[in-house]
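Let me begin by presenting the structure, written as structure tokens, before commenting on it.
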Amino acid sequence: MRNEMMHRPVIKEELLDFMRTQQKKLPGELGLLEEEAHEAGVPVIPHETALFLKFFLGQMKPENILEIGAAIGFSSSLMATSISESGHVTTIDRFDVMIEKAKKNYERLGLTDKVTLLEGQAAEILPTLTGPYDFIFMDSAKSKYIEFLPECLRLLRKGGVLMVDDIFQGGTILLPDEEIPRGKRAIHRKLNEFLKVVMNHPELTSSILPLGDGVILITKEADDIFLAKGE
């Protein structure tokens, strides 16, 4: 089913086209995987986000990465090829079809030793993890971001970065509830709740970037982050 939110540019279309067509392509099999996904309409992070992620990880040099939402394994493969040989990516997914595709792609790219795929519900798996992780990439059900946040902050080391994808809801994030289709209102409310928490918490530093459908980078400034009830 076509996700309309993925096809509503939040910046000028000519600039979006420039970022997606004029920036350097990813090399080798990873680049081919990206092209195949786009041609087939498979939901993977857009090219401008992929290039930013690759650049950012090259500067940050994380050793331990956690991803929530593996899909076909593209972003976890990108991260695994953007870190040192000793680095490792752990990713989570609950959909059997995606899990099978992700496993095949890790084999295709020679990354079976660099990526660990945990199968099941993130809500059940996250509490079993110990971390700490240097970098966490969350790209799962948008309504779950606020629910997963406490566990992400527990698992993230102080000074680590949580990157969260697709926060603009197709550019509609600031609209009042009544202007949002009924089926999207719960996501809309929970995304706004998530943004309010991470943008205003005194021990979190955040920065929003207009990449794809919007990403936010969140840095943990204390060992333990307390979220008040309702946050």
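If you're wondering about the labels, chains in the structure tokens are A, B, ... by order shown, residues count from 1 in each chain, ligands from 1 in order shown.
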
Helix (DSSP H, G or I) positions in region 10-46 of chain A, given as a ChimeraX atom specification: /A:13-21,28-40

Using only C-alpha atoms, determine which residues lie at most 12 Å from Gly160 (chain A), disregarding the query and same-chain residues fewer than 5 positions distant; provide the list as a compact mmCIF listing (two decimals) with all heavy atoms, in the first residue's frame.
# COMPACT_ATOMS: atom_id res chain seq x y z
N LEU A 57 28.08 9.29 10.89
CA LEU A 57 28.73 8.17 11.57
C LEU A 57 30.23 8.16 11.33
O LEU A 57 31.01 7.76 12.20
CB LEU A 57 28.12 6.84 11.11
CG LEU A 57 26.65 6.62 11.51
CD1 LEU A 57 26.17 5.27 11.00
CD2 LEU A 57 26.45 6.72 13.02
N MET A 60 31.36 10.65 13.92
CA MET A 60 31.10 10.23 15.29
C MET A 60 31.89 8.99 15.71
O MET A 60 32.28 8.83 16.85
CB MET A 60 29.59 9.96 15.46
CG MET A 60 29.18 9.65 16.88
SD MET A 60 27.41 9.28 16.98
CE MET A 60 27.29 8.97 18.76
N LYS A 61 32.11 8.10 14.74
CA LYS A 61 32.86 6.86 14.96
C LYS A 61 32.30 6.00 16.11
O LYS A 61 33.02 5.63 17.04
CB LYS A 61 34.35 7.16 15.19
CG LYS A 61 35.01 7.88 14.02
CD LYS A 61 36.46 8.07 14.28
CE LYS A 61 37.21 8.80 13.18
NZ LYS A 61 36.57 9.09 11.94
N PRO A 62 31.02 5.66 16.06
CA PRO A 62 30.44 4.82 17.11
C PRO A 62 30.90 3.37 16.96
O PRO A 62 31.19 2.91 15.86
CB PRO A 62 28.93 4.93 16.86
CG PRO A 62 28.84 5.16 15.39
CD PRO A 62 30.03 6.00 15.02
N GLU A 63 30.95 2.66 18.09
CA GLU A 63 31.31 1.25 18.07
C GLU A 63 30.07 0.36 18.17
O GLU A 63 30.01 -0.68 17.54
CB GLU A 63 32.27 0.94 19.23
CG GLU A 63 33.69 1.41 18.99
CD GLU A 63 34.38 0.63 17.88
OE1 GLU A 63 34.46 -0.61 17.96
OE2 GLU A 63 34.82 1.27 16.90
N ASN A 64 29.11 0.78 18.97
CA ASN A 64 27.90 -0.02 19.17
C ASN A 64 26.67 0.79 18.77
O ASN A 64 26.43 1.87 19.31
CB ASN A 64 27.78 -0.45 20.64
CG ASN A 64 28.88 -1.40 21.04
OD1 ASN A 64 29.08 -2.42 20.40
ND2 ASN A 64 29.60 -1.08 22.11
N ILE A 65 25.92 0.23 17.82
CA ILE A 65 24.74 0.91 17.27
C ILE A 65 23.51 0.03 17.47
O ILE A 65 23.58 -1.19 17.31
CB ILE A 65 24.93 1.20 15.77
CG1 ILE A 65 26.03 2.26 15.56
CG2 ILE A 65 23.62 1.67 15.12
CD1 ILE A 65 26.34 2.53 14.10
N LEU A 66 22.40 0.67 17.81
CA LEU A 66 21.12 -0.02 17.90
C LEU A 66 20.15 0.63 16.93
O LEU A 66 20.07 1.87 16.86
CB LEU A 66 20.56 0.08 19.32
CG LEU A 66 19.14 -0.47 19.54
CD1 LEU A 66 19.11 -1.98 19.30
CD2 LEU A 66 18.64 -0.12 20.93
N GLY A 131 23.04 -2.59 26.55
CA GLY A 131 23.82 -1.48 26.03
C GLY A 131 25.19 -1.44 26.69
O GLY A 131 25.70 -2.45 27.14
N PRO A 132 25.82 -0.27 26.85
CA PRO A 132 25.29 0.98 26.29
C PRO A 132 25.59 1.09 24.80
O PRO A 132 26.54 0.48 24.30
CB PRO A 132 26.06 2.05 27.08
CG PRO A 132 27.36 1.39 27.40
CD PRO A 132 27.06 -0.07 27.62
N TYR A 133 24.78 1.87 24.12
CA TYR A 133 24.97 2.11 22.69
C TYR A 133 25.44 3.55 22.48
O TYR A 133 25.02 4.46 23.19
CB TYR A 133 23.68 1.86 21.92
CG TYR A 133 23.25 0.41 21.97
CD1 TYR A 133 22.31 -0.02 22.90
CD2 TYR A 133 23.80 -0.53 21.11
CE1 TYR A 133 21.93 -1.36 22.97
CE2 TYR A 133 23.42 -1.87 21.17
CZ TYR A 133 22.49 -2.27 22.10
OH TYR A 133 22.12 -3.59 22.16
N ASP A 134 26.33 3.71 21.50
CA ASP A 134 26.83 5.05 21.17
C ASP A 134 25.84 5.81 20.30
O ASP A 134 25.77 7.04 20.36
CB ASP A 134 28.16 4.94 20.41
CG ASP A 134 29.18 4.11 21.16
OD1 ASP A 134 29.47 4.44 22.32
OD2 ASP A 134 29.67 3.11 20.59
N PHE A 135 25.09 5.07 19.50
CA PHE A 135 24.18 5.67 18.53
C PHE A 135 22.97 4.77 18.39
O PHE A 135 23.09 3.54 18.30
CB PHE A 135 24.87 5.81 17.17
CG PHE A 135 24.04 6.47 16.09
CD1 PHE A 135 23.86 7.84 16.06
CD2 PHE A 135 23.42 5.70 15.11
CE1 PHE A 135 23.09 8.43 15.07
CE2 PHE A 135 22.65 6.28 14.12
CZ PHE A 135 22.49 7.66 14.10
N ILE A 136 21.78 5.37 18.42
CA ILE A 136 20.54 4.63 18.22
C ILE A 136 19.77 5.30 17.09
O ILE A 136 19.60 6.52 17.08
CB ILE A 136 19.68 4.60 19.50
CG1 ILE A 136 20.43 3.90 20.64
CG2 ILE A 136 18.34 3.89 19.23
CD1 ILE A 136 19.68 3.89 21.96
N PHE A 137 19.30 4.48 16.14
CA PHE A 137 18.51 4.98 15.03
C PHE A 137 17.12 4.39 15.14
O PHE A 137 16.95 3.16 15.07
CB PHE A 137 19.16 4.59 13.70
CG PHE A 137 18.42 5.11 12.48
CD1 PHE A 137 18.11 6.45 12.36
CD2 PHE A 137 18.05 4.25 11.46
CE1 PHE A 137 17.44 6.94 11.23
CE2 PHE A 137 17.38 4.71 10.34
CZ PHE A 137 17.08 6.07 10.23
N CYS A 152 15.17 3.78 25.04
CA CYS A 152 16.27 4.30 24.22
C CYS A 152 17.22 5.13 25.06
O CYS A 152 18.45 5.01 24.94
CB CYS A 152 15.71 5.14 23.07
SG CYS A 152 14.94 4.18 21.75
N LEU A 153 16.68 5.97 25.92
CA LEU A 153 17.52 6.82 26.76
C LEU A 153 18.27 5.99 27.81
O LEU A 153 19.41 6.32 28.17
CB LEU A 153 16.68 7.90 27.43
CG LEU A 153 16.06 8.92 26.47
CD1 LEU A 153 15.18 9.90 27.23
CD2 LEU A 153 17.13 9.67 25.69
N ARG A 154 17.65 4.93 28.29
CA ARG A 154 18.35 4.04 29.22
C ARG A 154 19.54 3.36 28.55
O ARG A 154 20.62 3.22 29.15
CB ARG A 154 17.38 2.97 29.75
CG ARG A 154 18.04 1.95 30.69
CD ARG A 154 17.06 0.86 31.10
NE ARG A 154 16.68 -0.01 29.98
CZ ARG A 154 17.41 -1.05 29.58
NH1 ARG A 154 18.58 -1.33 30.15
NH2 ARG A 154 16.98 -1.81 28.58
N LEU A 155 19.35 2.95 27.31
CA LEU A 155 20.38 2.19 26.60
C LEU A 155 21.47 3.07 26.00
O LEU A 155 22.57 2.59 25.71
CB LEU A 155 19.71 1.37 25.49
CG LEU A 155 18.83 0.22 25.97
CD1 LEU A 155 17.96 -0.30 24.81
CD2 LEU A 155 19.66 -0.89 26.56
N LEU A 204 18.45 16.91 27.62
CA LEU A 204 18.54 16.44 26.24
C LEU A 204 18.79 17.65 25.34
O LEU A 204 18.17 18.69 25.52
CB LEU A 204 17.25 15.74 25.81
CG LEU A 204 16.84 14.47 26.57
CD1 LEU A 204 15.48 13.99 26.09
CD2 LEU A 204 17.89 13.37 26.43
N THR A 205 19.68 17.48 24.39
CA THR A 205 19.93 18.52 23.39
C THR A 205 19.50 17.97 22.04
O THR A 205 19.89 16.85 21.67
CB THR A 205 21.42 18.91 23.34
OG1 THR A 205 21.81 19.40 24.62
CG2 THR A 205 21.66 19.97 22.28
N SER A 206 18.69 18.72 21.31
CA SER A 206 18.15 18.20 20.05
C SER A 206 18.34 19.17 18.90
O SER A 206 18.46 20.39 19.10
CB SER A 206 16.67 17.85 20.20
OG SER A 206 15.92 19.02 20.51
N LEU A 217 17.95 14.77 15.86
CA LEU A 217 19.10 14.22 16.56
C LEU A 217 19.01 14.66 18.00
O LEU A 217 18.82 15.84 18.30
CB LEU A 217 20.41 14.73 15.95
CG LEU A 217 20.65 14.44 14.46
CD1 LEU A 217 21.94 15.10 14.01
CD2 LEU A 217 20.71 12.96 14.21
N ILE A 218 19.15 13.70 18.91
CA ILE A 218 19.01 13.96 20.34
C ILE A 218 20.25 13.47 21.06
O ILE A 218 20.62 12.29 20.93
CB ILE A 218 17.76 13.25 20.90
CG1 ILE A 218 16.51 13.66 20.12
CG2 ILE A 218 17.59 13.53 22.39
CD1 ILE A 218 15.40 12.64 20.15
N THR A 219 20.90 14.34 21.82
CA THR A 219 22.07 13.96 22.60
C THR A 219 21.71 13.85 24.07
O THR A 219 21.02 14.73 24.61
CB THR A 219 23.21 14.99 22.43
OG1 THR A 219 23.56 15.07 21.05
CG2 THR A 219 24.44 14.58 23.22
N LYS A 220 22.17 12.80 24.69
CA LYS A 220 21.92 12.55 26.11
C LYS A 220 23.03 13.23 26.92
O LYS A 220 24.20 12.88 26.80
CB LYS A 220 21.90 11.04 26.34
CG LYS A 220 21.64 10.59 27.76
CD LYS A 220 21.64 9.07 27.81
CE LYS A 220 21.52 8.54 29.23
NZ LYS A 220 21.54 7.06 29.27
N GLU A 221 22.64 14.20 27.77
CA GLU A 221 23.62 15.01 28.48
C GLU A 221 23.87 14.55 29.92
O GLU A 221 24.67 15.16 30.63
CB GLU A 221 23.15 16.47 28.50
CG GLU A 221 22.85 17.07 27.14
CD GLU A 221 24.08 17.29 26.28
OE1 GLU A 221 25.19 16.96 26.75
OE2 GLU A 221 23.94 17.76 25.15
N ALA A 222 23.19 13.52 30.37
CA ALA A 222 23.38 13.00 31.73
C ALA A 222 23.33 11.48 31.70
O ALA A 222 22.79 10.88 30.77
CB ALA A 222 22.30 13.54 32.67
N ASP A 223 23.91 10.84 32.71
CA ASP A 223 23.92 9.38 32.75
C ASP A 223 22.51 8.82 32.83
O ASP A 223 22.17 7.84 32.17
CB ASP A 223 24.74 8.89 33.95
CG ASP A 223 26.23 9.10 33.76
OD1 ASP A 223 26.71 8.85 32.63
OD2 ASP A 223 26.89 9.53 34.71

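The environment of Ile11 (chain A) within 8 Å, counting only C-alpha atoms and disregarding residues fewer than 3 places along the same chain, consists of Leu15, Leu16 and Pro210 of chain A.
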
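You can rank A:Gly170, A:Gly120, A:Gly31, A:Gly212 by their closest distance to Pro46 (chain A) using only C-alpha atoms, and at the top of that list sits A:Gly212.
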
Shell of 12 Å around Glu124 (chain A), only C-alpha atoms, local chain residues under 6 positions omitted, as a PyMOL selection string: chain A and resi 92-94+118+147-148+151

Closest of A:Leu191, A:Leu33, A:Leu78, A:Val164 to Arg108 (chain A) - atom-to-atom distances counting only C-alpha atoms: A:Leu33

Members of region 97-229 of chain A assigned strand (DSSP E) by DSSP, as a ChimeraX atom specification: /A:115-119,133-138,156-165,204-209,215-220

Residue nearest Lys25 (chain A) among A:Ala50, A:Met199, A:Val89, A:Val44 (counting only C-alpha atoms): A:Ala50

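Among the candidates A:Asn200, A:Ile167, A:Ile187, A:Ile216, the one nearest to Val10 (chain A) when counting only C-alpha atoms is A:Ile167.
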
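Minimum atom-to-atom distance to Met138 (chain A), evaluated using only C-alpha atoms, belongs to A:Ser76 out of A:Thr112, A:Ser84, A:Ser76, A:Ser207.
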
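Comparing A:Phe194, A:Phe95, A:Phe226, A:Phe74 by their smallest distance to Val115 (chain A), the closest is A:Phe74 (using only C-alpha atoms).
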